[in-house]
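Quick look at query_34.cif (mmCIF, C-alpha atoms):
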```
data_upload
loop_
_atom_site.group_PDB
_atom_site.id
_atom_site.type_symbol
_atom_site.label_atom_id
_atom_site.label_comp_id
_atom_site.auth_asym_id
_atom_site.auth_seq_id
_atom_site.Cartn_x
_atom_site.Cartn_y
_atom_site.Cartn_z
ATOM 1 C CA MET N 1283 130.772 105.579 126.222
ATOM 2 C CA LEU N 1284 131.388 105.087 122.493
ATOM 3 C CA ARG N 1285 129.591 101.775 122.674
ATOM 4 C CA LYS N 1286 126.435 103.456 124.085
ATOM 5 C CA ILE N 1287 126.507 106.049 121.300
ATOM 6 C CA LEU N 1288 126.805 103.357 118.607
ATOM 7 C CA ILE N 1289 123.978 101.336 120.140
ATOM 8 C CA GLY N 1290 121.813 104.468 120.318
ATOM 9 C CA CYS N 1291 122.516 105.301 116.655
ATOM 10 C CA CYS N 1292 121.712 101.756 115.517
ATOM 11 C CA PHE N 1293 118.537 101.741 117.582
ATOM 12 C CA SER N 1294 117.382 105.080 116.116
ATOM 13 C CA LEU N 1295 118.121 103.848 112.578
ATOM 14 C CA LEU N 1296 116.007 100.764 113.187
ATOM 15 C CA LEU N 1297 113.072 102.852 114.435
ATOM 16 C CA SER N 1298 113.167 105.602 111.799
ATOM 17 C CA PRO N 1299 111.620 103.529 108.956
ATOM 18 C CA THR N 1300 108.827 102.504 111.332
ATOM 19 C CA VAL N 1301 108.081 106.129 112.119
ATOM 20 C CA PHE N 1302 107.930 106.986 108.406
ATOM 21 C CA LEU N 1303 105.643 104.033 107.704
ATOM 22 C CA LEU N 1304 103.298 105.019 110.512
ATOM 23 C CA ASN N 1305 103.113 108.602 109.292
ATOM 24 C CA ASP N 1306 102.534 107.536 105.681
ATOM 25 C CA SER N 1307 99.768 105.086 106.568
ATOM 26 C CA SER N 1308 97.916 107.674 108.638
ATOM 27 C CA ILE N 1309 97.934 110.047 105.671
ATOM 28 C CA THR N 1310 96.667 107.332 103.333
ATOM 29 C CA THR N 1311 93.961 106.357 105.797
ATOM 30 C CA ALA N 1312 92.801 109.946 106.168
ATOM 31 C CA GLU N 1313 92.629 110.362 102.387
ATOM 32 C CA SER N 1314 90.695 107.147 101.867
ATOM 33 C CA LYS N 1315 88.027 108.229 104.369
ATOM 34 C CA LYS N 1316 86.905 111.233 102.332
ATOM 35 C CA PRO N 1317 83.117 111.172 102.122
ATOM 36 C CA VAL N 1318 81.555 110.471 98.746
ATOM 37 C CA PRO N 1319 79.407 113.451 97.711
ATOM 38 C CA GLU N 1320 75.671 112.848 97.752
ATOM 39 C CA TYR N 1321 75.438 113.819 94.079
ATOM 40 C CA ALA N 1322 78.122 111.339 92.883
ATOM 41 C CA LYS N 1323 75.576 108.700 91.847
ATOM 42 C CA TRP N 1324 73.645 111.284 89.815
ATOM 43 C CA GLY N 1325 76.860 112.574 88.258
ATOM 44 C CA ARG N 1326 77.693 109.108 86.947
ATOM 45 C CA LEU N 1327 74.189 108.881 85.473
ATOM 46 C CA ALA N 1328 74.585 112.320 83.864
ATOM 47 C CA MET N 1329 77.851 111.214 82.226
ATOM 48 C CA GLU N 1330 76.303 107.939 81.013
ATOM 49 C CA GLU N 1331 73.354 109.749 79.426
ATOM 50 C CA THR N 1332 75.668 112.272 77.801
ATOM 51 C CA GLN N 1333 77.817 109.483 76.315
ATOM 52 C CA LYS N 1334 74.681 107.834 74.913
ATOM 53 C CA ARG N 1335 73.667 111.027 73.136
ATOM 54 C CA TYR N 1336 77.194 111.983 72.031
ATOM 55 C CA PRO N 1337 79.066 108.656 71.687
ATOM 56 C CA SER N 1338 81.988 110.042 69.694
ATOM 57 C CA ALA N 1339 82.569 112.993 72.051
ATOM 58 C CA GLN N 1340 84.979 112.991 74.970
ATOM 59 C CA ILE N 1341 83.882 114.468 78.302
ATOM 60 C CA VAL N 1342 86.653 116.851 79.327
ATOM 61 C CA ASP N 1343 85.086 118.628 82.301
ATOM 62 C CA TYR N 1344 82.284 118.127 84.788
ATOM 63 C CA LEU N 1345 80.506 120.461 87.201
ATOM 64 C CA HIS N 1346 77.752 119.783 89.718
ATOM 65 C CA VAL N 1347 75.633 122.930 89.467
ATOM 66 C CA GLY N 1348 73.314 121.993 92.318
ATOM 67 C CA ARG N 1349 70.089 120.449 93.497
ATOM 68 C CA TYR N 1350 66.711 122.113 93.722
ATOM 69 C CA LYS N 1351 63.176 121.071 94.488
ATOM 70 C CA LYS N 1352 60.435 121.361 91.871
ATOM 71 C CA ASN N 1353 56.830 120.126 92.251
ATOM 72 C CA GLY N 1354 57.731 117.746 95.080
ATOM 73 C CA MET N 1355 60.622 116.263 93.086
ATOM 74 C CA TYR N 1356 64.359 116.879 93.276
ATOM 75 C CA VAL N 1357 66.354 117.995 90.257
ATOM 76 C CA GLU N 1358 70.123 117.479 90.126
ATOM 77 C CA ARG N 1359 71.790 119.747 87.568
ATOM 78 C CA PHE N 1360 75.173 119.149 85.949
ATOM 79 C CA LYS N 1361 77.188 120.915 83.295
ATOM 80 C CA LEU N 1362 79.530 118.791 81.203
ATOM 81 C CA TRP N 1363 82.055 120.074 78.686
ATOM 82 C CA LEU N 1364 82.653 117.868 75.649
ATOM 83 C CA LYS N 1365 85.174 117.754 72.849
ATOM 84 C CA GLN N 1366 84.316 116.234 69.491
ATOM 85 C CA ASP N 1367 86.711 116.465 66.573
ATOM 86 C CA ASN N 1368 88.061 120.039 66.740
ATOM 87 C CA ARG N 1369 85.130 121.680 68.475
ATOM 88 C CA GLU N 1370 84.083 121.958 72.092
ATOM 89 C CA PHE N 1371 80.614 122.428 73.511
ATOM 90 C CA GLY N 1372 78.713 122.034 76.737
ATOM 91 C CA VAL N 1373 75.612 120.197 77.822
ATOM 92 C CA ILE N 1374 73.322 120.829 80.758
ATOM 93 C CA VAL N 1375 71.938 117.632 82.267
ATOM 94 C CA ASN N 1376 68.904 117.738 84.558
ATOM 95 C CA ILE N 1377 67.946 114.575 86.410
ATOM 96 C CA THR N 1378 64.498 114.686 88.027
ATOM 97 C CA PHE N 1379 63.798 112.060 90.686
ATOM 98 C CA GLU N 1380 61.499 111.240 93.591
ATOM 99 C CA PRO N 1381 63.117 112.222 96.903
ATOM 100 C CA ASP N 1382 61.933 109.192 98.895
ATOM 101 C CA THR N 1383 62.593 106.368 96.438
ATOM 102 C CA GLU N 1384 65.227 108.090 94.263
ATOM 103 C CA ARG N 1385 63.362 106.751 91.237
ATOM 104 C CA VAL N 1386 64.306 108.729 88.136
ATOM 105 C CA LYS N 1387 61.361 110.449 86.457
ATOM 106 C CA ASN N 1388 63.084 112.404 83.701
ATOM 107 C CA ILE N 1389 66.508 113.181 82.275
ATOM 108 C CA THR N 1390 67.100 116.099 79.927
ATOM 109 C CA VAL N 1391 70.335 116.833 78.074
ATOM 110 C CA VAL N 1392 70.479 120.267 76.441
ATOM 111 C CA LYS N 1393 73.400 121.361 74.283
ATOM 112 C CA THR N 1394 74.931 124.769 74.982
ATOM 113 C CA ASP N 1395 77.760 126.828 73.484
ATOM 114 C CA ARG N 1396 79.068 127.888 76.882
#
```
Please render this file's structure as structure tokens.
Amino acid sequence: MLRKILIGCCFSLLLSPTVFLLNDSSITTAESKKPVPEYAKWGRLAMEETQKRYPSAQIVDYLHVGRYKKNGMYVERFKLWLKQDNREFGVIVNITFEPDTERVKNITVVKTDR
């Protein structure tokens, strides 16, 4: 009887790390399959353009405001918050592009206090 209990305990100890590994990998897999937002590509472009215009500033926050249609084109709008020296300020970035080809037509970066 004691022998069966010891064998059962050893067997359960051998399986327990496997169970933890299986649970951990399923969590990691689920996290890695998060969809990339449609605006991510435009957000990277907005940050690049902002860094070109304000090379010594650090981008400390980022917000996708939204997308709207204007004159047959799409406009992606972002608000970025920057820090330069001891002051902080925001910029609004509008990226206008053709919906079919995604060819960029215009990028505007406007400084704002809020």
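Of the residues listed (N:Tyr1350, N:Val1392, N:Arg1385, N:Phe1360), N:Phe1360 shows the shortest atom-to-atom separation from Arg1326 (chain N); distances use only C-alpha atoms.
This file, queried with the PyMOL selection byres ((chain N and resi 1337-1344) around 9), gives the residues Gly1325, Met1329, Thr1332, Gln1333, Lys1334, Arg1335, Tyr1336, Leu1345, His1346, Phe1360, Lys1361, Leu1362, Trp1363, Leu1364, Lys1365, Gln1366 and Asp1367 of chain N.
The shortest atom-to-atom distance to Arg1359 (chain N), with only C-alpha atoms taken into account, belongs to N:Ile1389 out of N:Lys1315, N:Glu1331, N:Ile1389, N:Asp1382.
What separates CA of Arg1396 (chain N) from CA of Met1355 (chain N) is a distance of 27.2 Å.
Residue nearest Val1386 (chain N) within the list N:Val1347, N:Val1357, N:Val1373, N:Val1318: N:Val1357 [criterion: smallest interatomic distance, all atoms listed in the file].
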Once 4 Å is added on each side, what centre and edge lengths in Å to one decimal does the axis-aligned box around all listed atoms of region 1336-1342 of chain N have, as JSON?
```
{"center_x": 81.9, "center_y": 112.8, "center_z": 74.5, "size_x": 17.5, "size_y": 16.2, "size_z": 17.6}
```
Exercise for review: One decimal, Å: what's the distance from CA of Asn1353 (chain N) over to CA of Glu1380 (chain N), could you say?
Suggested key: 10.1 Å
Exercise for review: Would you mind reading off the distance between CA of Pro1381 (chain N) and CA of Tyr1356 (chain N), one decimal, in Å?
Suggested key: 6.0 Å
